[in-house]
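The file input.cif contains mmCIF, C-alpha atoms:
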data_query
#
loop_
_atom_site.group_PDB
_atom_site.id
_atom_site.type_symbol
_atom_site.label_atom_id
_atom_site.label_comp_id
_atom_site.auth_asym_id
_atom_site.auth_seq_id
_atom_site.Cartn_x
_atom_site.Cartn_y
_atom_site.Cartn_z
ATOM 1 C CA MET A 1 -20.881 22.438 9.206
ATOM 2 C CA SER A 2 -19.032 25.055 7.206
ATOM 3 C CA VAL A 3 -16.137 24.077 4.950
ATOM 4 C CA ALA A 4 -13.677 25.273 7.579
ATOM 5 C CA GLN A 5 -15.436 23.307 10.316
ATOM 6 C CA LYS A 6 -15.437 20.165 8.168
ATOM 7 C CA ALA A 7 -11.731 20.538 7.498
ATOM 8 C CA THR A 8 -10.993 21.022 11.191
ATOM 9 C CA HIS A 9 -13.151 18.030 12.097
ATOM 10 C CA ALA A 10 -11.441 15.844 9.486
ATOM 11 C CA LEU A 11 -7.969 16.851 10.668
ATOM 12 C CA ARG A 12 -8.896 16.156 14.292
ATOM 13 C CA THR A 13 -10.267 12.729 13.372
ATOM 14 C CA LEU A 14 -7.165 11.948 11.303
ATOM 15 C CA ALA A 15 -4.926 12.927 14.212
ATOM 16 C CA GLN A 16 -6.873 10.636 16.548
ATOM 17 C CA LEU A 17 -6.588 7.735 14.110
ATOM 18 C CA SER A 18 -2.862 8.337 13.682
ATOM 19 C CA ALA A 19 -2.349 8.350 17.434
ATOM 20 C CA TYR A 20 -4.312 5.104 17.717
ATOM 21 C CA ALA A 21 -2.241 3.483 14.953
ATOM 22 C CA ALA A 22 0.978 4.381 16.739
ATOM 23 C CA THR A 23 -0.168 2.553 19.879
ATOM 24 C CA ARG A 24 -2.342 -0.156 18.337
ATOM 25 C CA THR A 25 -0.543 -3.078 19.953
ATOM 26 C CA GLY A 26 -1.294 -1.689 23.391
ATOM 27 C CA HIS A 27 -4.887 -0.964 22.442
ATOM 28 C CA ASP A 28 -5.388 -4.503 21.159
ATOM 29 C CA ARG A 29 -3.964 -5.927 24.376
ATOM 30 C CA ALA A 30 -6.285 -3.786 26.497
ATOM 31 C CA ASP A 31 -9.244 -4.611 24.265
ATOM 32 C CA ARG A 32 -8.608 -8.331 24.626
ATOM 33 C CA GLU A 33 -8.352 -8.075 28.399
ATOM 34 C CA THR A 34 -11.629 -6.161 28.583
ATOM 35 C CA TYR A 35 -13.362 -8.499 26.153
ATOM 36 C CA ASN A 36 -12.323 -11.505 28.238
ATOM 37 C CA GLU A 37 -13.378 -9.852 31.499
ATOM 38 C CA LEU A 38 -16.838 -9.063 30.128
ATOM 39 C CA ALA A 39 -17.367 -12.290 28.154
ATOM 40 C CA VAL A 40 -20.381 -14.433 28.986
ATOM 41 C CA ALA A 41 -22.303 -17.136 27.172
ATOM 42 C CA GLY A 42 -25.657 -16.298 25.622
ATOM 43 C CA THR A 43 -27.222 -18.503 28.287
ATOM 44 C CA ASP A 44 -26.067 -16.022 30.966
ATOM 45 C CA LEU A 45 -28.341 -13.168 29.873
ATOM 46 C CA ALA A 46 -31.410 -14.110 31.960
ATOM 47 C CA LEU A 47 -33.453 -14.812 28.841
ATOM 48 C CA PRO A 48 -36.667 -16.860 28.901
ATOM 49 C CA ALA A 49 -36.252 -20.616 29.043
ATOM 50 C CA GLY A 50 -35.796 -21.963 25.548
ATOM 51 C CA LEU A 51 -34.622 -18.689 23.967
ATOM 52 C CA SER A 52 -31.148 -19.055 22.482
ATOM 53 C CA LEU A 53 -29.058 -16.008 21.549
ATOM 54 C CA GLN A 54 -25.712 -16.604 19.848
ATOM 55 C CA TRP A 55 -23.167 -14.157 18.454
ATOM 56 C CA LEU A 56 -21.859 -14.991 14.972
ATOM 57 C CA GLY A 57 -19.199 -12.284 14.853
ATOM 58 C CA VAL A 58 -19.355 -8.625 13.707
ATOM 59 C CA ALA A 59 -23.066 -7.634 13.974
ATOM 60 C CA GLY A 60 -24.324 -11.167 13.354
ATOM 61 C CA PHE A 61 -26.640 -13.049 15.702
ATOM 62 C CA SER A 62 -28.775 -16.157 15.746
ATOM 63 C CA LEU A 63 -31.951 -16.257 17.851
ATOM 64 C CA THR A 64 -33.948 -19.453 18.293
ATOM 65 C CA TYR A 65 -37.225 -19.915 20.165
ATOM 66 C CA GLU A 66 -39.972 -22.505 19.824
ATOM 67 C CA ASN A 67 -38.332 -24.157 16.809
ATOM 68 C CA THR A 68 -38.005 -20.871 14.889
ATOM 69 C CA THR A 69 -34.597 -19.341 14.107
ATOM 70 C CA ILE A 70 -33.908 -15.833 12.853
ATOM 71 C CA LEU A 71 -30.530 -14.445 11.851
ATOM 72 C CA ILE A 72 -29.446 -10.819 12.064
ATOM 73 C CA ASP A 73 -26.668 -9.524 9.783
ATOM 74 C CA PRO A 74 -24.913 -12.904 9.363
ATOM 75 C CA PHE A 75 -21.367 -12.564 7.974
ATOM 76 C CA VAL A 76 -18.767 -15.328 8.112
ATOM 77 C CA THR A 77 -17.233 -15.162 4.602
ATOM 78 C CA ARG A 78 -14.153 -13.219 5.629
ATOM 79 C CA LYS A 79 -11.459 -12.088 3.202
ATOM 80 C CA PRO A 80 -8.104 -10.364 3.779
ATOM 81 C CA LEU A 81 -7.970 -6.575 3.638
ATOM 82 C CA GLY A 82 -5.839 -6.920 0.506
ATOM 83 C CA ASP A 83 -8.770 -8.452 -1.376
ATOM 84 C CA MET A 84 -10.821 -5.359 -0.633
ATOM 85 C CA LEU A 85 -8.024 -3.004 -1.673
ATOM 86 C CA ARG A 86 -7.566 -4.930 -4.933
ATOM 87 C CA ARG A 87 -11.321 -4.698 -5.576
ATOM 88 C CA ARG A 88 -11.737 -8.447 -5.889
ATOM 89 C CA VAL A 89 -15.222 -9.916 -6.218
ATOM 90 C CA TRP A 90 -16.514 -10.947 -2.804
ATOM 91 C CA GLN A 91 -19.272 -13.540 -2.629
ATOM 92 C CA PRO A 92 -20.448 -16.095 -0.050
ATOM 93 C CA GLU A 93 -18.521 -19.305 0.602
ATOM 94 C CA PRO A 94 -21.078 -22.112 1.102
ATOM 95 C CA THR A 95 -18.693 -24.364 3.045
ATOM 96 C CA LEU A 96 -18.202 -21.664 5.686
ATOM 97 C CA LEU A 97 -21.938 -21.054 5.900
ATOM 98 C CA GLU A 98 -22.631 -24.751 6.369
ATOM 99 C CA ARG A 99 -20.049 -24.995 9.127
ATOM 100 C CA HIS A 100 -20.815 -21.801 11.026
ATOM 101 C CA VAL A 101 -24.368 -20.601 10.298
ATOM 102 C CA PRO A 102 -27.431 -22.491 11.568
ATOM 103 C CA LYS A 103 -30.454 -23.174 9.405
ATOM 104 C CA CYS A 104 -32.922 -20.311 9.701
ATOM 105 C CA ASP A 105 -36.488 -19.255 8.964
ATOM 106 C CA ALA A 106 -35.728 -15.578 8.292
ATOM 107 C CA ILE A 107 -32.859 -13.110 7.975
ATOM 108 C CA LEU A 108 -32.981 -9.504 9.209
ATOM 109 C CA LEU A 109 -30.602 -6.920 7.710
ATOM 110 C CA GLY A 110 -29.780 -3.602 9.350
ATOM 111 C CA HIS A 111 -28.083 -2.346 6.161
ATOM 112 C CA THR A 112 -26.315 -3.756 3.116
ATOM 113 C CA HIS A 113 -22.602 -3.146 3.625
ATOM 114 C CA PHE A 114 -20.696 -6.366 2.917
ATOM 115 C CA ASP A 115 -19.977 -7.079 6.593
ATOM 116 C CA HIS A 116 -23.722 -7.231 7.262
ATOM 117 C CA ALA A 117 -25.327 -8.534 4.071
ATOM 118 C CA LEU A 118 -22.826 -10.465 1.954
ATOM 119 C CA ASP A 119 -23.838 -13.932 3.161
ATOM 120 C CA ALA A 120 -27.593 -13.302 3.287
ATOM 121 C CA PRO A 121 -28.443 -14.374 -0.299
ATOM 122 C CA ALA A 122 -26.660 -17.732 -0.039
ATOM 123 C CA ILE A 123 -28.274 -18.470 3.325
ATOM 124 C CA ALA A 124 -31.676 -17.477 1.941
ATOM 125 C CA ILE A 125 -31.203 -19.864 -0.981
ATOM 126 C CA ARG A 126 -30.007 -22.673 1.282
ATOM 127 C CA ASP A 127 -32.903 -22.347 3.738
ATOM 128 C CA ASN A 128 -35.618 -20.852 1.514
ATOM 129 C CA ALA A 129 -35.733 -18.015 4.037
ATOM 130 C CA LYS A 130 -37.249 -14.561 3.715
ATOM 131 C CA VAL A 131 -34.865 -11.607 4.012
ATOM 132 C CA TYR A 132 -36.236 -8.502 5.738
ATOM 133 C CA GLY A 133 -34.514 -5.205 5.009
ATOM 134 C CA SER A 134 -34.213 -2.266 2.637
ATOM 135 C CA SER A 135 -34.790 -1.961 -1.091
ATOM 136 C CA SER A 136 -31.018 -2.436 -1.429
ATOM 137 C CA SER A 137 -31.337 -5.876 0.127
ATOM 138 C CA GLN A 138 -34.012 -6.681 -2.455
ATOM 139 C CA THR A 139 -31.626 -5.574 -5.219
ATOM 140 C CA LEU A 140 -28.902 -7.792 -3.757
ATOM 141 C CA LEU A 141 -31.202 -10.809 -3.648
ATOM 142 C CA GLY A 142 -32.291 -10.057 -7.204
ATOM 143 C CA LEU A 143 -28.716 -10.590 -8.400
ATOM 144 C CA TYR A 144 -29.065 -14.169 -7.149
ATOM 145 C CA GLY A 145 -32.490 -14.611 -8.742
ATOM 146 C CA ILE A 146 -34.396 -14.622 -5.451
ATOM 147 C CA ALA A 147 -35.884 -11.118 -5.273
ATOM 148 C CA LYS A 148 -39.208 -12.758 -4.365
ATOM 149 C CA GLN A 149 -37.690 -13.779 -1.016
ATOM 150 C CA ALA A 150 -37.050 -10.137 -0.075
ATOM 151 C CA VAL A 151 -39.382 -8.239 2.236
ATOM 152 C CA VAL A 152 -38.844 -4.482 1.916
ATOM 153 C CA VAL A 153 -39.735 -3.281 5.387
ATOM 154 C CA GLU A 154 -41.736 -0.248 6.469
ATOM 155 C CA PRO A 155 -41.055 1.617 9.726
ATOM 156 C CA ALA A 156 -44.696 1.588 10.867
ATOM 157 C CA SER A 157 -45.119 -2.155 10.407
ATOM 158 C CA SER A 158 -44.555 -5.204 12.579
ATOM 159 C CA TYR A 159 -43.591 -8.575 11.161
ATOM 160 C CA GLU A 160 -44.471 -11.877 12.813
ATOM 161 C CA ILE A 161 -41.930 -14.645 12.264
ATOM 162 C CA GLY A 162 -43.119 -17.586 14.313
ATOM 163 C CA PRO A 163 -42.983 -16.415 17.959
ATOM 164 C CA PHE A 164 -40.903 -13.335 17.057
ATOM 165 C CA VAL A 165 -42.480 -9.918 16.464
ATOM 166 C CA VAL A 166 -40.026 -7.674 14.634
ATOM 167 C CA SER A 167 -40.147 -3.964 13.824
ATOM 168 C CA PHE A 168 -37.635 -1.748 12.046
ATOM 169 C CA VAL A 169 -36.628 1.731 13.224
ATOM 170 C CA PRO A 170 -35.173 4.196 10.671
ATOM 171 C CA SER A 171 -31.553 4.902 11.493
ATOM 172 C CA VAL A 172 -28.292 6.152 9.989
ATOM 173 C CA HIS A 173 -24.774 4.807 9.610
ATOM 174 C CA SER A 174 -21.860 6.356 11.459
ATOM 175 C CA LYS A 175 -19.685 8.630 9.315
ATOM 176 C CA LEU A 176 -16.526 6.564 9.323
ATOM 177 C CA VAL A 177 -14.758 8.560 6.591
ATOM 178 C CA LEU A 178 -12.952 11.110 8.775
ATOM 179 C CA GLY A 179 -16.206 11.728 10.611
ATOM 180 C CA LEU A 180 -17.704 13.355 7.513
ATOM 181 C CA ALA A 181 -19.208 10.642 5.308
ATOM 182 C CA VAL A 182 -20.634 7.139 5.322
ATOM 183 C CA PRO A 183 -18.367 4.693 3.443
ATOM 184 C CA ASN A 184 -20.067 3.371 0.316
ATOM 185 C CA GLY A 185 -23.248 5.253 1.103
ATOM 186 C CA GLY A 186 -26.384 5.320 -0.997
ATOM 187 C CA GLU A 187 -28.317 2.539 -2.680
ATOM 188 C CA LEU A 188 -26.857 -0.766 -3.823
ATOM 189 C CA THR A 189 -27.072 -0.546 -7.632
ATOM 190 C CA CYS A 190 -24.753 -3.324 -8.851
ATOM 191 C CA ASP A 191 -26.425 -5.164 -11.737
ATOM 192 C CA HIS A 192 -24.385 -8.379 -11.992
ATOM 193 C CA LEU A 193 -22.702 -10.789 -9.590
ATOM 194 C CA ASP A 194 -19.256 -10.273 -11.113
ATOM 195 C CA GLY A 195 -19.410 -6.644 -9.984
ATOM 196 C CA LEU A 196 -19.850 -7.442 -6.288
ATOM 197 C CA THR A 197 -16.609 -6.083 -4.913
ATOM 198 C CA SER A 198 -16.708 -4.919 -1.304
ATOM 199 C CA SER A 199 -17.425 -1.325 -2.372
ATOM 200 C CA ALA A 200 -20.429 -2.457 -4.446
ATOM 201 C CA TYR A 201 -22.218 -3.444 -1.241
ATOM 202 C CA CYS A 202 -23.545 0.071 -0.692
ATOM 203 C CA CYS A 203 -25.188 0.882 2.599
ATOM 204 C CA GLY A 204 -28.807 1.427 1.530
ATOM 205 C CA ASP A 205 -31.355 2.392 4.164
ATOM 206 C CA VAL A 206 -30.254 1.740 7.734
ATOM 207 C CA TRP A 207 -32.437 0.197 10.417
ATOM 208 C CA GLY A 208 -32.389 -0.445 14.121
ATOM 209 C CA ILE A 209 -34.212 -3.712 14.772
ATOM 210 C CA ARG A 210 -36.597 -4.282 17.692
ATOM 211 C CA ILE A 211 -37.441 -7.907 18.471
ATOM 212 C CA GLN A 212 -40.079 -9.053 20.939
ATOM 213 C CA VAL A 213 -40.183 -12.713 21.919
ATOM 214 C CA GLY A 214 -41.090 -14.739 24.998
ATOM 215 C CA GLY A 215 -41.881 -11.641 27.054
ATOM 216 C CA VAL A 216 -38.561 -9.862 26.435
ATOM 217 C CA THR A 217 -37.441 -7.152 24.029
ATOM 218 C CA ILE A 218 -34.108 -7.162 22.209
ATOM 219 C CA TYR A 219 -32.820 -4.170 20.227
ATOM 220 C CA HIS A 220 -30.110 -4.493 17.572
ATOM 221 C CA GLN A 221 -28.167 -1.429 16.406
ATOM 222 C CA GLY A 222 -25.499 -2.559 13.981
ATOM 223 C CA SER A 223 -24.116 0.897 13.202
ATOM 224 C CA ALA A 224 -23.220 3.380 15.912
ATOM 225 C CA ASP A 225 -25.591 6.244 15.168
ATOM 226 C CA LEU A 226 -29.310 6.911 15.218
ATOM 227 C CA ILE A 227 -32.119 9.223 14.176
ATOM 228 C CA ASP A 228 -33.183 10.601 17.546
ATOM 229 C CA ASP A 229 -36.782 11.378 16.632
ATOM 230 C CA ALA A 230 -37.308 7.961 15.019
ATOM 231 C CA LEU A 231 -36.426 5.981 18.150
ATOM 232 C CA SER A 232 -39.170 6.332 20.727
ATOM 233 C CA PRO A 233 -38.286 5.754 24.390
ATOM 234 C CA GLN A 234 -39.068 2.147 25.285
ATOM 235 C CA SER A 235 -37.150 -0.025 27.724
ATOM 236 C CA VAL A 236 -35.471 -3.147 26.379
ATOM 237 C CA ASP A 237 -34.044 -6.179 28.095
ATOM 238 C CA VAL A 238 -31.017 -6.631 25.830
ATOM 239 C CA PHE A 239 -29.340 -3.992 23.664
ATOM 240 C CA LEU A 240 -27.089 -5.497 20.982
ATOM 241 C CA CYS A 241 -24.862 -2.463 20.565
ATOM 242 C CA GLY A 242 -22.512 -2.024 17.614
ATOM 243 C CA ILE A 243 -19.551 -0.084 18.970
ATOM 244 C CA ALA A 244 -17.332 0.398 15.903
ATOM 245 C CA GLY A 245 -17.457 4.009 14.770
ATOM 246 C CA ARG A 246 -19.141 5.351 17.891
ATOM 247 C CA GLN A 247 -16.367 7.912 18.355
ATOM 248 C CA VAL A 248 -17.396 9.795 15.193
ATOM 249 C CA SER A 249 -21.089 9.939 16.127
ATOM 250 C CA ASP A 250 -21.771 12.908 18.381
ATOM 251 C CA ARG A 251 -22.746 11.788 21.904
ATOM 252 C CA TYR A 252 -23.932 8.437 20.567
ATOM 253 C CA LEU A 253 -24.243 6.592 23.871
ATOM 254 C CA GLN A 254 -25.718 9.611 25.641
ATOM 255 C CA ARG A 255 -28.424 9.754 22.974
ATOM 256 C CA ILE A 256 -29.350 6.096 22.602
ATOM 257 C CA ILE A 257 -28.982 4.526 26.052
ATOM 258 C CA PRO A 258 -31.617 6.689 27.810
ATOM 259 C CA LYS A 259 -34.103 5.878 25.046
ATOM 260 C CA LEU A 260 -33.610 2.122 25.414
ATOM 261 C CA ASP A 261 -32.899 1.937 29.168
ATOM 262 C CA PRO A 262 -31.393 -1.530 28.645
ATOM 263 C CA ALA A 263 -30.924 -4.051 31.428
ATOM 264 C CA VAL A 264 -28.023 -5.591 29.492
ATOM 265 C CA ILE A 265 -25.788 -4.054 26.827
ATOM 266 C CA VAL A 266 -23.968 -6.532 24.604
ATOM 267 C CA ALA A 267 -20.967 -4.868 22.946
ATOM 268 C CA MET A 268 -20.561 -6.185 19.396
ATOM 269 C CA HIS A 269 -19.142 -5.244 15.985
ATOM 270 C CA HIS A 270 -15.726 -4.933 17.599
ATOM 271 C CA ASP A 271 -13.901 -7.827 15.938
ATOM 272 C CA ASP A 272 -11.496 -7.693 12.984
ATOM 273 C CA PHE A 273 -13.602 -9.014 10.100
ATOM 274 C CA PHE A 274 -10.623 -9.276 7.753
ATOM 275 C CA ARG A 275 -9.352 -12.287 9.707
ATOM 276 C CA PRO A 276 -10.758 -15.754 8.923
ATOM 277 C CA PHE A 277 -13.882 -16.490 10.937
ATOM 278 C CA ASP A 278 -12.325 -19.510 12.637
ATOM 279 C CA ALA A 279 -8.949 -17.881 13.337
ATOM 280 C CA LYS A 280 -7.593 -18.706 16.797
ATOM 281 C CA GLU A 281 -7.488 -15.007 17.699
ATOM 282 C CA GLN A 282 -10.395 -12.899 16.470
ATOM 283 C CA GLY A 283 -8.548 -9.567 16.636
ATOM 284 C CA PHE A 284 -10.184 -6.179 17.022
ATOM 285 C CA ALA A 285 -11.357 -3.573 14.556
ATOM 286 C CA PHE A 286 -9.089 -0.568 14.082
ATOM 287 C CA GLY A 287 -9.979 2.185 16.534
ATOM 288 C CA VAL A 288 -12.746 0.267 18.298
ATOM 289 C CA ASP A 289 -11.423 0.771 21.860
ATOM 290 C CA VAL A 290 -13.360 -1.989 23.604
ATOM 291 C CA ALA A 291 -11.393 -1.193 26.756
ATOM 292 C CA ARG A 292 -13.016 2.220 27.104
ATOM 293 C CA PHE A 293 -16.558 1.127 26.367
ATOM 294 C CA PRO A 294 -17.627 0.044 29.894
ATOM 295 C CA ASP A 295 -16.579 3.398 31.361
ATOM 296 C CA GLU A 296 -18.367 5.232 28.552
ATOM 297 C CA VAL A 297 -21.560 3.385 29.438
ATOM 298 C CA GLN A 298 -21.078 4.018 33.149
ATOM 299 C CA ALA A 299 -20.842 7.749 32.420
ATOM 300 C CA VAL A 300 -24.402 7.545 31.068
ATOM 301 C CA THR A 301 -26.019 4.939 33.325
ATOM 302 C CA ARG A 302 -25.131 2.604 36.174
ATOM 303 C CA HIS A 303 -28.279 0.574 35.609
ATOM 304 C CA SER A 304 -27.078 -1.412 32.593
ATOM 305 C CA ARG A 305 -24.865 -4.493 32.774
ATOM 306 C CA VAL A 306 -22.194 -4.458 30.035
ATOM 307 C CA VAL A 307 -21.087 -7.778 28.541
ATOM 308 C CA THR A 308 -19.459 -9.297 25.499
ATOM 309 C CA LEU A 309 -20.557 -12.624 24.064
ATOM 310 C CA GLU A 310 -18.390 -15.588 23.310
ATOM 311 C CA ARG A 311 -18.527 -16.214 19.580
ATOM 312 C CA THR A 312 -20.275 -19.297 18.221
ATOM 313 C CA LEU A 313 -17.799 -21.070 15.946
ATOM 314 C CA GLU A 314 -19.672 -24.198 14.912
ATOM 315 C CA VAL A 315 -23.320 -24.954 14.181
ATOM 316 C CA GLY A 316 -24.833 -26.531 17.277
ATOM 317 C CA GLN A 317 -22.341 -24.931 19.687
ATOM 318 C CA THR A 318 -24.008 -23.305 22.712
#
Give the structure from this file in structure tokens form.
Amino acid sequence: MSVAQKATHALRTLAQLSAYAATRTGHDRADRETYNELAVAGTDLALPAGLSLQWLGVAGFSLTYENTTILIDPFVTRKPLGDMLRRRVWQPEPTLLERHVPKCDAILLGHTHFDHALDAPAIAIRDNAKVYGSSSSQTLLGLYGIAKQAVVVEPASSYEIGPFVVSFVPSVHSKLVLGLAVPNGGELTCDHLDGLTSSAYCCGDVWGIRIQVGGVTIYHQGSADLIDDALSPQSVDVFLCGIAGRQVSDRYLQRIIPKLDPAVIVAMHHDDFFRPFDAKEQGFAFGVDVARFPDEVQAVTRHSRVVTLERTLEVGQT
């Protein structure tokens, strides 16, 4: 885009955000109604017998099959927005992890923003688990002295974790800064734990994650954008679809849904991650518009069932 086009785009995005802010109470009410209407348990997704899929909030999931558990983007150490604005150090809280995150054999990271990667090192230490992700995730683990537990993934490779076969698809993060830039983009370069403010958790490489297990395929897209040529058309059974920021990614759903042809779309990354994980009301991310999402999907396909998942609040809850 030219400078003039960028300015116009930024002003349009700012106007949309301002309009949303002025009517946020109504949006939150509509989002909650839609979330409740669509909500199902992970056991209602027609998965193979013995395969457990649980939502941990934001883009976080736990999958268990044949005594093997993998986590995707686990994040339960929530802090108030004020802590981020004051640039306070943000590190995992072990008591929250013990209460809310099951023991695992491996952790998969789509990127290394704090709301996807902050808790991964502490969980990896607790469970002696490998962490699969970008070179930024390896840097993050190195700050905790466990760089050897990092697996820097390659897009042409598959990784067997017990009964799970996992591959990583190159992707990109949505441009949440007025539709023009990725927040805290680039590599994670922090060199000491005391420097891990929220902005130090830079994005790093971004991945879509394809998981095959028990005869089904699950695709996880934690950020609402993609590299079209990197994602080959291949039907999936369950699409774990991050919906925050989709409005600033050009024709996002029109581009990704036909490639995945999902039987089920699970809307996620819609909750307010500045509220405590176990708050009575989870809240909704600013601008997420859960209420509009089903119609947006229906405009692309009538084949896919759209659901939200009830959040798992305690280890062992199903």
Open item on the list: Expand the PyMOL selection byres ((chain A and resi 230-243) around 8) into the explicit residue set it covers here, and present it as JSON, numbers by chain.
Closed with: {"A": [59, 169, 170, 171, 216, 217, 218, 219, 220, 221, 222, 223, 224, 226, 227, 228, 229, 244, 245, 246, 258, 259, 260, 261, 262, 263, 264, 265, 266, 267, 268, 269, 270, 288, 290]}
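Residue nearest A:Leu109, chosen from A:Arg210, A:Arg29, A:His192, A:Arg24 and counting only C-alpha atoms: A:Arg210.
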TODO: Convert the output of the PyMOL selection byres ((chain A and resi 215) around 12) on the shown file into explicit residues, formatted as a list in words.
DONE: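 When the PyMOL selection byres ((chain A and resi 215) around 12) is applied to the shown file, the picked residues are Ala46, Leu47, Pro48, Ala49, Leu51, Tyr65, Pro163, Phe164, Val165, Ile211, Gln212, Val213, Gly214, Val216, Thr217, Ile218, Val236 and Asp237 of chain A.
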When you look at A:Leu309 with a cut-off of 9 Å (counting all atoms listed in the file), what residues show up, excluding the ones that are within fewer than 2 positions of it in the same chain? I need them as a CSV table (one decimal) with C-alpha atoms, in the coordinates of the input.
chain,number,residue,atom,x,y,z
A,35,TYR,CA,-13.4,-8.5,26.2
A,38,LEU,CA,-16.8,-9.1,30.1
A,39,ALA,CA,-17.4,-12.3,28.2
A,40,VAL,CA,-20.4,-14.4,29.0
A,41,ALA,CA,-22.3,-17.1,27.2
A,42,GLY,CA,-25.7,-16.3,25.6
A,54,GLN,CA,-25.7,-16.6,19.8
A,55,TRP,CA,-23.2,-14.2,18.5
A,266,VAL,CA,-24.0,-6.5,24.6
A,267,ALA,CA,-21.0,-4.9,22.9
A,268,MET,CA,-20.6,-6.2,19.4
A,307,VAL,CA,-21.1,-7.8,28.5
A,311,ARG,CA,-18.5,-16.2,19.6
A,312,THR,CA,-20.3,-19.3,18.2
TODO: Name the closest residue to A:Leu14 among the candidates A:Phe277, A:Glu296, A:Glu33, A:Leu176; distances are taken between atoms, counting only C-alpha atoms.
DONE: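 With only C-alpha atoms as the atom set, the closest residue is A:Leu176.
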Open item on the list: Would you pick out the contacts of A:Gly142 at 12 Å or less, using all atoms listed in the file, so that residues sharing its chain but fewer than 2 positions from it are not included, and give the list as a list in words?
Closed with: Ala120, Pro121, Ala122, Ala124, Ile125, Val131, Ser135, Ser136, Ser137, Gln138, Thr139, Leu140, Tyr144, Gly145, Ile146, Ala147, Lys148, Gln149, Ala150, Val151, Leu188, Thr189, Cys190, Asp191, His192 and Leu193 of chain A
TODO: Name the closest residue to A:Phe75 among the candidates A:Glu160, A:Gln282, A:Phe273, A:Val172; distances are taken between atoms, counting all atoms listed in the file.
DONE: A:Phe273
TODO: May I ask which of the residues A:Asp44, A:Asp295, A:Asp31, A:Asp278 is the closest one to A:Leu97, counting all atoms listed in the file?
DONE: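 Of A:Asp44, A:Asp295, A:Asp31, A:Asp278, the one nearest A:Leu97 is A:Asp278, counting all atoms listed in the file.
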Open item on the list: Can you spell out as a PyMOL selection string the set of residues that the PyMOL selection byres ((chain A and resi 300) around 9) selects in the structure I just provided?
Closed with: chain A and resi 253-254+257-258+295-299+301-302
Task: Residue among A:Val58, A:Ile209, A:Leu180, A:Leu85 lying closest to A:Asp250, counting all atoms listed in the file - done: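 Of the candidates, the smallest distance to A:Asp250 is held by A:Leu180.
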Task: Computed interatomic separation between atom CA of A:Leu56 and atom CA of A:His100 (Å) - done: 7.9 Å
Determine, counting all atoms listed in the file, which protein, DNA and RNA residues have an atom within 9 Å of an atom of A:Ser199; residues of the same chain fewer than 6 positions away are not included. Present the result as a PDB file with C-alpha atoms, keeping the file's coordinate frame.
ATOM      1  CA  MET A  84     -10.821  -5.359  -0.633  1.00  0.00           C
ATOM      2  CA  ARG A  87     -11.321  -4.698  -5.576  1.00  0.00           C
ATOM      3  CA  HIS A 113     -22.602  -3.146   3.625  1.00  0.00           C
ATOM      4  CA  PHE A 114     -20.696  -6.366   2.917  1.00  0.00           C
ATOM      5  CA  PRO A 183     -18.367   4.693   3.443  1.00  0.00           C
ATOM      6  CA  ASN A 184     -20.067   3.371   0.316  1.00  0.00           C
TER       7      ASN A 184
END
TODO: One decimal, Å: what's the distance from atom CA of A:Asn128 over to atom CA of A:Asp271, could you say?
DONE: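 It comes out at 29.1 Å.
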Task: Atomic distance atom CA of A:Pro155 - atom CA of A:Ala117, expressed in Å with one decimal - done: 19.6 Å
